[in-house]
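Presented below is the structure to which this report refers.
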Protein chains: 4
Amino acid sequence: MSKTGVWIIGARGGVATTALVGALALREGLTSETGLITSTALFEGVPLTAVGDLVFGGHDIRSTPLPDCAREIAAATGTFPPALLDRLEAPLRAIDGNVRPGVLFRSGDAIDSIADEEAVPRATEPAATIERIAADLREFRAANGLERLVVVNLASTEPRPPAHPAHEDASALDSALRSDDPEPFIASSLYALAAAEVGAAFLNFTPSPGALLPSIAARLRAAGVPFAGSDGKTGETLVKSALAPMFRYRNLKVLSWQGYNMLGDRDGQVLAHEENRAAKVESKDNLLHESLGYPLHSKVSIDYVPSLDDWKTAWDFIHFEGFLGVRMSLQFTWQGCDSVLAAPLVLDLVRLLDLALRRGEAGACDHLALFFKSPHGQREHDLHRQFQALAEYTERLRTGDSRH
Amino acid sequence: MSKTGVWIIGARGGVATTALVGALALREGLTSETGLITSTALFEGVPLTAVGDLVFGGHDIRSTPLPDCAREIAAATGTFPPALLDRLEAPLRAIDGNVRPGVLFRSGDAIDSIADEEAVPRATEPAATIERIAADLREFRAANGLERLVVVNLASTEPRPPAHPAHEDASALDSALRSDDPEPFIASSLYALAAAEVGAAFLNFTPSPGALLPSIAARLRAAGVPFAGSDGKTGETLVKSALAPMFRYRNLKVLSWQGYNMLGDRDGQVLAHEENRAAKVESKDNLLHESLGYPLHSKVSIDYVPSLDDWKTAWDFIHFEGFLGVRMSLQFTWQGCDSVLAAPLVLDLVRLLDLALRRGEAGACDHLALFFKSPHGQREHDLHRQFQALAEYTERLRTGDSRH
Amino acid sequence: MSKTGVWIIGARGGVATTALVGALALREGLTSETGLITSTALFEGVPLTAVGDLVFGGHDIRSTPLPDCAREIAAATGTFPPALLDRLEAPLRAIDGNVRPGVLFRSGDAIDSIADEEAVPRATEPAATIERIAADLREFRAANGLERLVVVNLASTEPRPPAHPAHEDASALDSALRSDDPEPFIASSLYALAAAEVGAAFLNFTPSPGALLPSIAARLRAAGVPFAGSDGKTGETLVKSALAPMFRYRNLKVLSWQGYNMLGDRDGQVLAHEENRAAKVESKDNLLHESLGYPLHSKVSIDYVPSLDDWKTAWDFIHFEGFLGVRMSLQFTWQGCDSVLAAPLVLDLVRLLDLALRRGEAGACDHLALFFKSPHGQREHDLHRQFQALAEYTERLRTGDSRH
Amino acid sequence: MSKTGVWIIGARGGVATTALVGALALREGLTSETGLITSTALFEGVPLTAVGDLVFGGHDIRSTPLPDCAREIAAATGTFPPALLDRLEAPLRAIDGNVRPGVLFRSGDAIDSIADEEAVPRATEPAATIERIAADLREFRAANGLERLVVVNLASTEPRPPAHPAHEDASALDSALRSDDPEPFIASSLYALAAAEVGAAFLNFTPSPGALLPSIAARLRAAGVPFAGSDGKTGETLVKSALAPMFRYRNLKVLSWQGYNMLGDRDGQVLAHEENRAAKVESKDNLLHESLGYPLHSKVSIDYVPSLDDWKTAWDFIHFEGFLGVRMSLQFTWQGCDSVLAAPLVLDLVRLLDLALRRGEAGACDHLALFFKSPHGQREHDLHRQFQALAEYTERLRTGDSRH
């Protein structure tokens with residue numbers, strides 16, 4: 001049977017490590033499919049590649065081997081039973097053998113500071129860097145006899161690059177690449193362009209603003225590959241997008257929606273930098289205005305609280321007005337392990353992009369909005385309509401309807 | 001233009017008083033339509049009777065005049081500005097003139113204890129009592145030149161009547177009525193039967209288990225009138241039904257869902273009685289199992305906390321399992337004024353039942369599930385699918401589709 | 001009997017208006033003493049001036065008359081029953097007759113923006129301004145036959161003035177005043193210096209950093225008057241100072257303490273300005289480190305949420321470590337009306353400063369630490385030890401012990 | 001040096017296992033003293049036995065060996081790192097060798113149901129049972145060369161025994177024992193009487209109402225041994241006793257205090273039985289009334305939520321009235337691992353009872369109120385005064401003051 005490879009940018013990070021431990025545990029029958037959307041009844045009859053059949057590799061800017069990354073996570077968050085890691089030591093090490101040094105390309109101080117700088121020199125020439133990435137992808141494909149490839153961006157959120165014509169315009173993009181002008185690019189842009197070059201599907205699971213710029217999205221589409229993004233909807237924003245429609249249905253007017261997020265770990269550390277946080281906060285905040293259909297007072301803050309490590313804790317306060325102008329409130333506290341919430345979504349999206357690749361679907365996957373805080377090219381943030389869209393897609397697949 | 005009358009059982013209670021103050025305030029342009037679902041874009045082009053054109057009357061077992069009820073509420077909950085009540089004194093008093101003594105019929109100790117027993121003797125003969133109620137309804141219709149009538153049950157939750165063949169079977173019901181056997185009936189049964197007799201639509205906004213027993217629902221259907229119920233979904237359960245689908249979408253397994261409700265006021269006082277609370281708790285709890293599709297540990301408690309008065313405060317704790325068996329949690333605190341949340345739903349439902357009556361829709365209104373904790377005859381508790389059903393109904397109305 | 005006057009800086013603000021409405025309501029027997037510490041058993045046998053005997057006047061930079069201020073608050077927060085305001089209209093108006101235009105003196109943009117600039121010109125000459133304030137105070141004293149005067153700063157929090165030798169050193173202070181150098185001063189400094197000049201006790205109920213600078217505190221002490229401050233401990237910080245000792249007693253190690261505060265109203269509006277907020281946040285945050293005795297990760301944020309008006313809502317998350325290194329958490333949500341919490345403390349402090357003035361106590365009132373977020377000159381933040389200190393003071397008064 | 005033995009009733013339960021793992025980890029230098037009150041500066045200069053020098057044994061009604069109990073806890077709550085248990089396997093097994101079959105004596109259905117009935121027959125003769133327990137204690141003392149013995153009751157909460165004259169009166173107690181009348185006794189009574197017989201100090205860390213009945217407390221006092229109880233104050237009640245004084249200090253009137261507790265594990269399972277829960281709820285609730293000094297609406301509920309296991313989660317809602325009758329609220333959520341909170345308190349109390357034994361202090365240890373929900377013979381529930389009392393005790397020890 002034809003094989004699918006998954007190439008993860010940030011392969012040794014928390015989400016990636018959790019996804020890999022989970023995928024291996026599933027392959028070995030050591031865990032359940034809880035958390036995997038693609039394992040629910042919704043996908044009955046849909047020919048998805050089994051998680052256990054996926055082949056993994058990737059880039060990272062850190063050198064710690066995957067089994068050690070997994071043990072660090074187990075110690076910090078308690079999410080992996082140590083016995084499980086003992087069982088998975090060998091296959092994790094095997095995947096680690098497929099990890100190549102990543103790219104530092106105008107990634108900002110926060111990201112530079114966590115890189116293993118000896119192994120990962122800072123690059124400045126975009127075209128050559130894309131070539132180097134593409135070479136790694138081709139080698140991975142050849143070495144493993146892979147028919148299809150899905151490139152997944154799980155790297156830390158980068159600062160937004162300053163506006164540039166090459167972000168919008170195809171010929172400006174070409175010309176910047178030809179002249180090796182680093183100005184319009186950040187690392188995530190180069191990874192996406194490399195994916196287009198080798199014909200891989202592309203998943204931007206982070207809010208990194210460089211990956212799916214209009215001109216890059218157009219390039220992926222032109223390459224005939226599907227892509228999806230941005231920013232996996234895992235916790236507080238997920239709850240937001242489930243609750244906001246309730247207020248709309250009931251004509252209850254939301255006056256203020258304040259969301260306070262706290263997290264530790266490497267992700268929190270990077271987001272403690274204002275320039276990195278900006279993209280994330282924007283991604284978390286704008287859904288409210290669009291879901292509710294009117295302007296309201298809102299705020300999203302993200303604080304770095306090291307003791308929480310990956311246990312994201314968020315408190316939201318929603319102040320709303322009902323009949324006769326009476327003000328009432330709803331508040332919620334979310335306590336979830338971010339990587340554990342994100343990892344199965346990554347596996348789901350890989351399976352769905354692989355399917356889209358097989359089916360020849362090119363461009364943005366509108367049916368995957370459910371998975372993202374900022375679904376590419378869409379303004380639909382209502383979780384329920386997003387679910388409906390996915391359900392309609394799977395229904396079409398089952399009934400052989402050719403539209404997608 | 002043809003007029004619609006609204007006859008409220010429990011016309012001097014908290015929800016009724018709030019609905020009446022609100023309806024008058026809307027008529028006078030003194031408040032906004034916030035909280036009214038029928039005033040949203042969803043109902044554009046749907047020919048609903050204006051709230052200001054409704055004519056109100058009702059039954060109650062207490063004698064306090066409506067303006068005094070309203071002032072009591074204003075003092076206790078702060079929900080009506082005193083200036084508003086000054087403005088509405090006269091029209092409230094006029095409605096109060098349409099209120100007749102209600103029925104105490106096997107209503108239980110809790111309800112008996114709040115009745116003004118001089119004005120409201122305890123009845124024991126069902127047929128005669130139905131006749132008395134029907135006579136009040138006919139008089140109201142005649143005196144006000146009403147073409148249509150909607151009977152609304154807002155009385156306190158009654159204890160469940162012991163099982164009886166007349167609850168299920170039409171001929172057993174006939175025979176019990178003919179022999180004037182009180183056994184199968186409680187007050188709410190008699191109100192619903194009177195509605196059937198005079199051809200009024202019927203709304204069971206409470207969880208009272210006597211109103212929409214199968215044989216009574218059949219009688220309403222046979223009378224050609226629409227009905228809807230039971231138990232308005234106003235607060236904690238509303239949030240539950242918005243959130244439960246989120247866990248389902250994401251294949252996150254809910255292990256435990258504990259809901260702790262507190263409220264004061266007369267409603268809380270009645271629900272402090274175990275026999276009255278039973279029906280309510282059942283109504284609040286069963287949706288989870290049906291929404292999620294698997295058994296889980298759950299609990300709903302309702303405590304009487306006098307200092308809260310009508311400010312229902314509820315805390316829910318949701319413990320769930322994600323990928324790799326990791327346990328996480330979501331908790332929320334709801335702080336809402338129950339009457340203020342319920343009142344606009346009552347007005348919405350009156351308008352929608354009036355519409356159904358005009359359109360000749362008989363029997364249970366399936367499209368109104370959105371409004372209820374225990375939608376009659378349905379197992380659909382997902383708020384979003386319920387909203388979808390209502391949206392499809394209004395769409396059919398707009399496009400002239402004859403199905404309903 | 002000898003009379004005591006109370007001169008309030010910010011007499012038309014939320015806290016002042018609430019204190020005045022409360023004081024009048026107490027005088028008229030229209031409310032209870034709930035919230036007044038000086039009315040508890042602790043003060044039995046302590047000869048305090050009755051709240052009803054206090055005579056009120058003050059400065060303000062806004063011109064709205066007090067009865068209108070009170071009605072605005074009633075409409076926004078629901079804290080005064082309108083009937084009460086009808087009853088107190090005349091005495092509130094009478095107090096308003098004692099309010100004089102306040103001082104804008106390097107008060108910052110936020111405060112300037114809420115001033116009624118026609119009535120309140122910006123001053124730049126410190127000595128003359130002090131003289132103008134002192135003249136107002138003397139006139140108030142003479143017109144009302146007052147024997148003692150307590151000046152109370154309830155004005156909005158000012159930005160911190162840049163460091164200056166006159167803040168620390170008495171002769172530098174003298175020299176700045178002689179040369180009319182505005183540099184070292186902000187409005188609150190001038191009010192405190194005027195109090196010293198006329199022999200009034202001084203209460204800095206706000207965190208304004210200009211009022212009790214070392215050289216000004218020394219000046220008050222030298223004038224033989226007692227003073228107290230800074231920053232009334234009303235809500236989230238009160239809870240903090242009650243809870244922090246619990247962790248210390250039990251040797252539970254607090255890892256992180258995050259506090260998120262939200263409020264609307266004029267106070268929130270001023271604190272939305274970074275320069276004004278700085279003093280407040282510092283005042284709210286430093287107690288933890290001192291209470292617990294070790295450094296920890298902590299944060300205090302204050303957000304302006306207009307819809308909350310004066311209903312301060314705060315969420316604190318406390319992450320702590322127990323035996324065997326296990327991490328646990330406590331979170332709390334505080335929902336209190338700031339002015340209603342602050343007003344009785346102001347009346348308490350006025351009575352206690354009046355008593356201290358009568359007893360000839362000069363300088364900082366160490367026994368009043370209980371009332372403040374940043375008790376002047378002290379590092380004791382443990383609420384329980386602070387209460388103990390106050391109890392010991394009243395005990396000494398009762399037993400005639402001459403120490404204070 | 002003279003050795004102290006600790007005999008734990010319920011030695012294989014969650015709290016005991018955690019205390020034993022912790023004590024061994026401390027002995028081996030594998031954990032810190034966080035959570036141990038006796039390791040704080042308060043006890044500097046107080047000659048306490050080192051935790052590492054204590055010798056452990058006990059009774060249990062279950063047969064699972066201690067290392068397996070510890071592994072079960074590690075799997076369920078994540079509180080012990082598996083590597084730690086590997087290190088402690090041998091010493092845990094050694095302690096397990098000192099555990100003897102416990103007593104089922106009118107312990108109620110809930111407790112019977114968790115017993116290993118083959119190993120632990122139900123006893124009905126009190127005198128003989130006391131003798132059997134005393135023989136186990138003497139053997140433990142002899143075998144280990146122990147000079148002093150502290151008996152610690154950590155068994156599940158029993159139902160309250162029906163009132164009996166022998167509970168109050170010494171001669172009625174004697175006569176019941178002489179005639180071998182089982183009526184007045186439950187298992188915990190017999191353990192306490194056995195402790196008195198062998199001259200051991202006695203700690204009732206549970207709310208079990210049979211252990212410190214007046215006549216039994218008198219017997220312990222007469223035997224010249226110190227005792228302490230009842231019901232370790234570990235979580236929600238700890239927070240309550242820290243917060244209630246705050247409302248008293250500030251003259252804020254608490255209207256309602258609702259406390260909802262959830263926990264799983266064996267403790268929760270036993271407390272799911274109404275008769276067992278009664279003693280616990282009473283112990284958790286009565287402190288409020290006594291701390292605040294006035295009656296208030298309050299409730300404590302405890303629900304069994306299996307998925308939480310030992311992670312006790314509690315939500316408290318406090319509704320209070322301030323100045324001008326305004327109602328405000330404070331709510332908190334406590335998430336703590338009960339055994340991890342209780343275990344260090346057990347070790348603290350053992351050290352303190354051992355000290356009291358050495359110092360010849362007989363009877364109730366009033367200075368230990370800080371540790372208990374229902375401090376024996378006291379009405380002082382204010383955490384801060386309780387801490388003060390303990391601090392005064394240690395100060396007396398340091399200064400050689402002979403009072404205790």
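If you're wondering about the labels, chains in the structure tokens are A, B, ... by order shown, residues count from 1 in each chain, ligands from 1 in order shown.
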What are the residues of chain A that have an atom within 7 Å of an atom of chain C, counting only C-alpha atoms, as an mmCIF file with C-alpha atoms, in the first residue's frame?
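Ended up saving to iface26.cif:
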data_model
loop_
_atom_site.group_PDB
_atom_site.id
_atom_site.type_symbol
_atom_site.label_atom_id
_atom_site.label_comp_id
_atom_site.auth_asym_id
_atom_site.auth_seq_id
_atom_site.Cartn_x
_atom_site.Cartn_y
_atom_site.Cartn_z
ATOM 1 C CA LEU A 255 -21.002 43.710 26.778
ATOM 2 C CA SER A 256 -17.529 42.505 27.721
ATOM 3 C CA VAL A 305 3.479 31.331 34.524
ATOM 4 C CA SER A 307 4.943 26.635 37.392
#
Compile the contact shell of C:Phe247 as a PyMOL selection string: residues with an atom at most 12 Å away, counting only C-alpha atoms, same-chain residues fewer than 2 positions apart removed. (chain C and resi 240-245+249-255+257+288+291-294+318-322+328-330+382) or (chain D and resi 34-37+40+234-235+238-239+242+341+383-384+387)
Taking 5 positions as the minimum chain separation for residues in the same chain, which residues sit within 6 Å of stretch 126-142 of chain C when counting only C-alpha atoms? Answer as a PDB file with N, CA and C atoms, in the first residue's frame.
ATOM      1  N   LEU C 177       9.682  74.995  48.350  1.00  0.00           N
ATOM      2  CA  LEU C 177       8.476  75.787  48.590  1.00  0.00           C
ATOM      3  C   LEU C 177       8.801  77.281  48.527  1.00  0.00           C
ATOM      4  N   ASP C 180       9.162  78.447  45.134  1.00  0.00           N
ATOM      5  CA  ASP C 180       7.985  78.119  44.315  1.00  0.00           C
ATOM      6  C   ASP C 180       8.347  77.234  43.119  1.00  0.00           C
ATOM      7  N   PRO C 182       7.813  74.051  41.147  1.00  0.00           N
ATOM      8  CA  PRO C 182       6.742  73.049  41.060  1.00  0.00           C
ATOM      9  C   PRO C 182       7.276  71.615  40.961  1.00  0.00           C
ATOM     10  N   LEU C 190       0.389  68.805  47.905  1.00  0.00           N
ATOM     11  CA  LEU C 190      -0.007  70.129  48.380  1.00  0.00           C
ATOM     12  C   LEU C 190      -1.147  70.029  49.397  1.00  0.00           C
ATOM     13  N   ALA C 194      -0.964  71.335  53.184  1.00  0.00           N
ATOM     14  CA  ALA C 194      -1.964  72.268  53.719  1.00  0.00           C
ATOM     15  C   ALA C 194      -2.555  71.724  55.020  1.00  0.00           C
TER      16      ALA C 194
END
Enumerate as JSON, numbers by chain all residues of stretch 226-286 of chain C assigned to helix (DSSP H, G or I) by DSSP on the backbone, naming them with the chain letters and numbers the document uses. {"C": [236, 237, 238, 239, 240, 241, 242, 243, 244, 245, 246, 247, 248, 249, 265, 266, 267, 268, 269, 270, 271, 274, 275, 276, 277, 278, 279, 280, 281, 282, 283, 284, 285, 286]}
Which residues are near D:Glu183? Cut-off 12 Å, only C-alpha atoms, ignore same chain within fewer than 6 positions. Put them as a VMD selection string. chain D and resid 105 to 106 124 to 126 161 to 167 172 to 173 175 to 177 189 210
Counting only C-alpha atoms, what is within 8 Å of B:Ala362, bar same-chain residues fewer than 2 positions away, as a PDB file with N, CA and C atoms, in the first residue's frame?
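This went into selection.pdb:
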ATOM      1  N   LEU B 220     -54.948  17.712  23.175  1.00  0.00           N
ATOM      2  CA  LEU B 220     -54.652  19.019  22.571  1.00  0.00           C
ATOM      3  C   LEU B 220     -54.515  18.871  21.058  1.00  0.00           C
ATOM      4  N   ARG B 221     -53.829  17.844  20.645  1.00  0.00           N
ATOM      5  CA  ARG B 221     -53.631  17.603  19.214  1.00  0.00           C
ATOM      6  C   ARG B 221     -54.999  17.393  18.539  1.00  0.00           C
ATOM      7  N   ALA B 222     -55.828  16.591  19.202  1.00  0.00           N
ATOM      8  CA  ALA B 222     -57.154  16.314  18.647  1.00  0.00           C
ATOM      9  C   ALA B 222     -58.004  17.581  18.568  1.00  0.00           C
ATOM     10  N   ALA B 223     -57.750  18.486  19.502  1.00  0.00           N
ATOM     11  CA  ALA B 223     -58.492  19.756  19.493  1.00  0.00           C
ATOM     12  C   ALA B 223     -57.967  20.696  18.418  1.00  0.00           C
ATOM     13  N   GLY B 224     -56.935  20.275  17.728  1.00  0.00           N
ATOM     14  CA  GLY B 224     -56.405  21.089  16.635  1.00  0.00           C
ATOM     15  C   GLY B 224     -55.547  22.248  17.085  1.00  0.00           C
ATOM     16  N   VAL B 225     -55.052  22.193  18.311  1.00  0.00           N
ATOM     17  CA  VAL B 225     -54.240  23.318  18.790  1.00  0.00           C
ATOM     18  C   VAL B 225     -52.786  22.900  18.967  1.00  0.00           C
ATOM     19  N   PRO B 226     -51.878  23.850  18.775  1.00  0.00           N
ATOM     20  CA  PRO B 226     -50.463  23.566  18.986  1.00  0.00           C
ATOM     21  C   PRO B 226     -50.116  23.685  20.472  1.00  0.00           C
ATOM     22  N   PHE B 227     -49.109  22.982  20.863  1.00  0.00           N
ATOM     23  CA  PHE B 227     -48.615  23.148  22.230  1.00  0.00           C
ATOM     24  C   PHE B 227     -47.102  22.995  22.235  1.00  0.00           C
ATOM     25  N   ALA B 356     -48.516  29.590  15.116  1.00  0.00           N
ATOM     26  CA  ALA B 356     -48.856  28.196  14.801  1.00  0.00           C
ATOM     27  C   ALA B 356     -50.382  28.017  14.793  1.00  0.00           C
ATOM     28  N   LEU B 357     -51.036  28.681  15.732  1.00  0.00           N
ATOM     29  CA  LEU B 357     -52.490  28.611  15.824  1.00  0.00           C
ATOM     30  C   LEU B 357     -53.124  29.186  14.544  1.00  0.00           C
ATOM     31  N   GLY B 360     -52.762  26.907  11.723  1.00  0.00           N
ATOM     32  CA  GLY B 360     -53.436  25.618  11.836  1.00  0.00           C
ATOM     33  C   GLY B 360     -52.514  24.458  12.168  1.00  0.00           C
ATOM     34  N   ALA B 364     -47.555  18.948  19.010  1.00  0.00           N
ATOM     35  CA  ALA B 364     -46.289  19.432  19.549  1.00  0.00           C
ATOM     36  C   ALA B 364     -45.514  20.232  18.507  1.00  0.00           C
TER      37      ALA B 364
END
Skipping near chain neighbours, those fewer than 4 positions away, what residues fall within 7 Å of stretch 53-64 of chain C using only C-alpha atoms, listed as a list in words? Thr4, Gly5, Val6, Trp7, Ile8, Ile9, Gly10, Ala11, Arg12, Thr49, Asp68, Cys69, Ile95, Asn98, Val99, Arg100, Pro101, Gly102, Val103, Ala115, Asp116 and Val120 of chain C
Excluding C:Thr394 and any residue of its chain fewer than 5 positions from it, enumerate the residues within 8 Å of it, using only C-alpha atoms, and give them as a list in words. Leu42, Phe43 and Val46 of chain C
May I have the residues from that selection written out with C-alpha atoms, as a PDB file, in the first residue's frame?
ATOM      1  CA  LEU C  42     -13.918  45.739  69.303  1.00  0.00           C
ATOM      2  CA  PHE C  43     -14.604  49.406  69.933  1.00  0.00           C
ATOM      3  CA  VAL C  46     -13.788  53.606  72.994  1.00  0.00           C
TER       4      VAL C  46
END
Which of stretch 70-298 of chain A end up as strand (DSSP E) when DSSP is run on this backbone - answer as a PyMOL selection string? chain A and resi 99-101+146-153+201-204+226-229+253-263+297-298
Once you have the residues from the selection above, write them out as a short mmCIF file (atom, residue, chain, number, x, y, z; two decimals), in the first residue's frame, restricted to N, CA and C atoms.
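Produced file out_6.cif, reproduced below:
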data_model
loop_
_atom_site.label_atom_id
_atom_site.label_comp_id
_atom_site.auth_asym_id
_atom_site.auth_seq_id
_atom_site.Cartn_x
_atom_site.Cartn_y
_atom_site.Cartn_z
N VAL A 99 15.13 13.31 12.08
CA VAL A 99 15.02 14.75 12.33
C VAL A 99 16.31 15.46 11.91
N ARG A 100 16.16 16.53 11.14
CA ARG A 100 17.29 17.29 10.62
C ARG A 100 17.31 18.68 11.26
N PRO A 101 18.47 19.34 11.26
CA PRO A 101 18.52 20.69 11.84
C PRO A 101 17.59 21.66 11.11
N LEU A 146 8.03 6.95 0.27
CA LEU A 146 6.75 7.62 0.56
C LEU A 146 6.10 8.10 -0.72
N GLU A 147 4.82 7.91 -0.84
CA GLU A 147 4.12 8.41 -2.01
C GLU A 147 3.64 9.85 -1.80
N ARG A 148 3.20 10.11 -0.58
CA ARG A 148 2.67 11.46 -0.27
C ARG A 148 3.38 12.03 0.95
N LEU A 149 3.37 13.34 1.03
CA LEU A 149 4.06 14.01 2.14
C LEU A 149 3.16 15.13 2.67
N VAL A 150 3.06 15.20 4.00
CA VAL A 150 2.36 16.32 4.65
C VAL A 150 3.38 17.04 5.52
N VAL A 151 3.59 18.33 5.26
CA VAL A 151 4.51 19.13 6.06
C VAL A 151 3.68 19.87 7.11
N VAL A 152 4.10 19.76 8.36
CA VAL A 152 3.32 20.29 9.48
C VAL A 152 4.15 21.30 10.24
N ASN A 153 3.69 22.53 10.34
CA ASN A 153 4.42 23.54 11.10
C ASN A 153 3.95 23.56 12.55
N ALA A 201 1.47 18.45 0.97
CA ALA A 201 0.42 19.21 1.63
C ALA A 201 1.05 19.99 2.78
N PHE A 202 0.43 21.10 3.18
CA PHE A 202 1.03 21.93 4.22
C PHE A 202 0.00 22.26 5.29
N LEU A 203 0.41 22.07 6.55
CA LEU A 203 -0.46 22.37 7.69
C LEU A 203 0.22 23.40 8.57
N ASN A 204 -0.39 24.58 8.73
CA ASN A 204 0.15 25.59 9.64
C ASN A 204 -0.64 25.53 10.94
N PRO A 226 -3.13 20.62 -1.17
CA PRO A 226 -4.04 21.22 -0.20
C PRO A 226 -3.25 21.78 0.99
N PHE A 227 -3.84 22.76 1.64
CA PHE A 227 -3.21 23.26 2.88
C PHE A 227 -4.31 23.66 3.86
N ALA A 228 -3.90 23.81 5.13
CA ALA A 228 -4.86 24.20 6.17
C ALA A 228 -4.15 24.97 7.26
N GLY A 229 -4.88 25.84 7.94
CA GLY A 229 -4.35 26.64 9.04
C GLY A 229 -5.32 27.73 9.36
N LYS A 253 -27.03 40.25 24.83
CA LYS A 253 -26.00 41.12 24.29
C LYS A 253 -24.73 41.06 25.13
N VAL A 254 -23.67 40.57 24.54
CA VAL A 254 -22.41 40.51 25.28
C VAL A 254 -21.81 41.91 25.35
N LEU A 255 -21.57 42.37 26.58
CA LEU A 255 -21.00 43.71 26.78
C LEU A 255 -19.48 43.64 26.83
N SER A 256 -18.98 42.65 27.55
CA SER A 256 -17.53 42.51 27.72
C SER A 256 -17.19 41.03 27.76
N TRP A 257 -16.10 40.68 27.15
CA TRP A 257 -15.61 39.30 27.21
C TRP A 257 -14.12 39.39 27.45
N GLN A 258 -13.71 39.08 28.66
CA GLN A 258 -12.30 39.17 29.03
C GLN A 258 -11.74 37.76 29.17
N GLY A 259 -10.63 37.51 28.55
CA GLY A 259 -10.02 36.18 28.64
C GLY A 259 -8.59 36.28 29.12
N TYR A 260 -8.30 35.60 30.23
CA TYR A 260 -6.96 35.63 30.80
C TYR A 260 -6.35 34.24 30.73
N ASN A 261 -5.30 34.12 29.96
CA ASN A 261 -4.64 32.84 29.76
C ASN A 261 -3.30 32.80 30.47
N MET A 262 -3.00 31.67 31.05
CA MET A 262 -1.71 31.49 31.70
C MET A 262 -1.13 30.17 31.22
N LEU A 263 0.13 30.18 30.94
CA LEU A 263 0.80 28.90 30.68
C LEU A 263 2.30 29.04 30.89
N HIS A 297 -16.59 45.07 24.02
CA HIS A 297 -15.34 45.26 24.75
C HIS A 297 -14.75 43.88 25.00
N SER A 298 -13.54 43.63 24.52
CA SER A 298 -12.97 42.32 24.79
C SER A 298 -11.48 42.42 24.97
#
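For the set D:Arg219, D:Arg122, D:Arg71, D:Arg178, the residue with the smallest atom-to-atom gap to D:Ala196 is D:Arg219, counting only C-alpha atoms.
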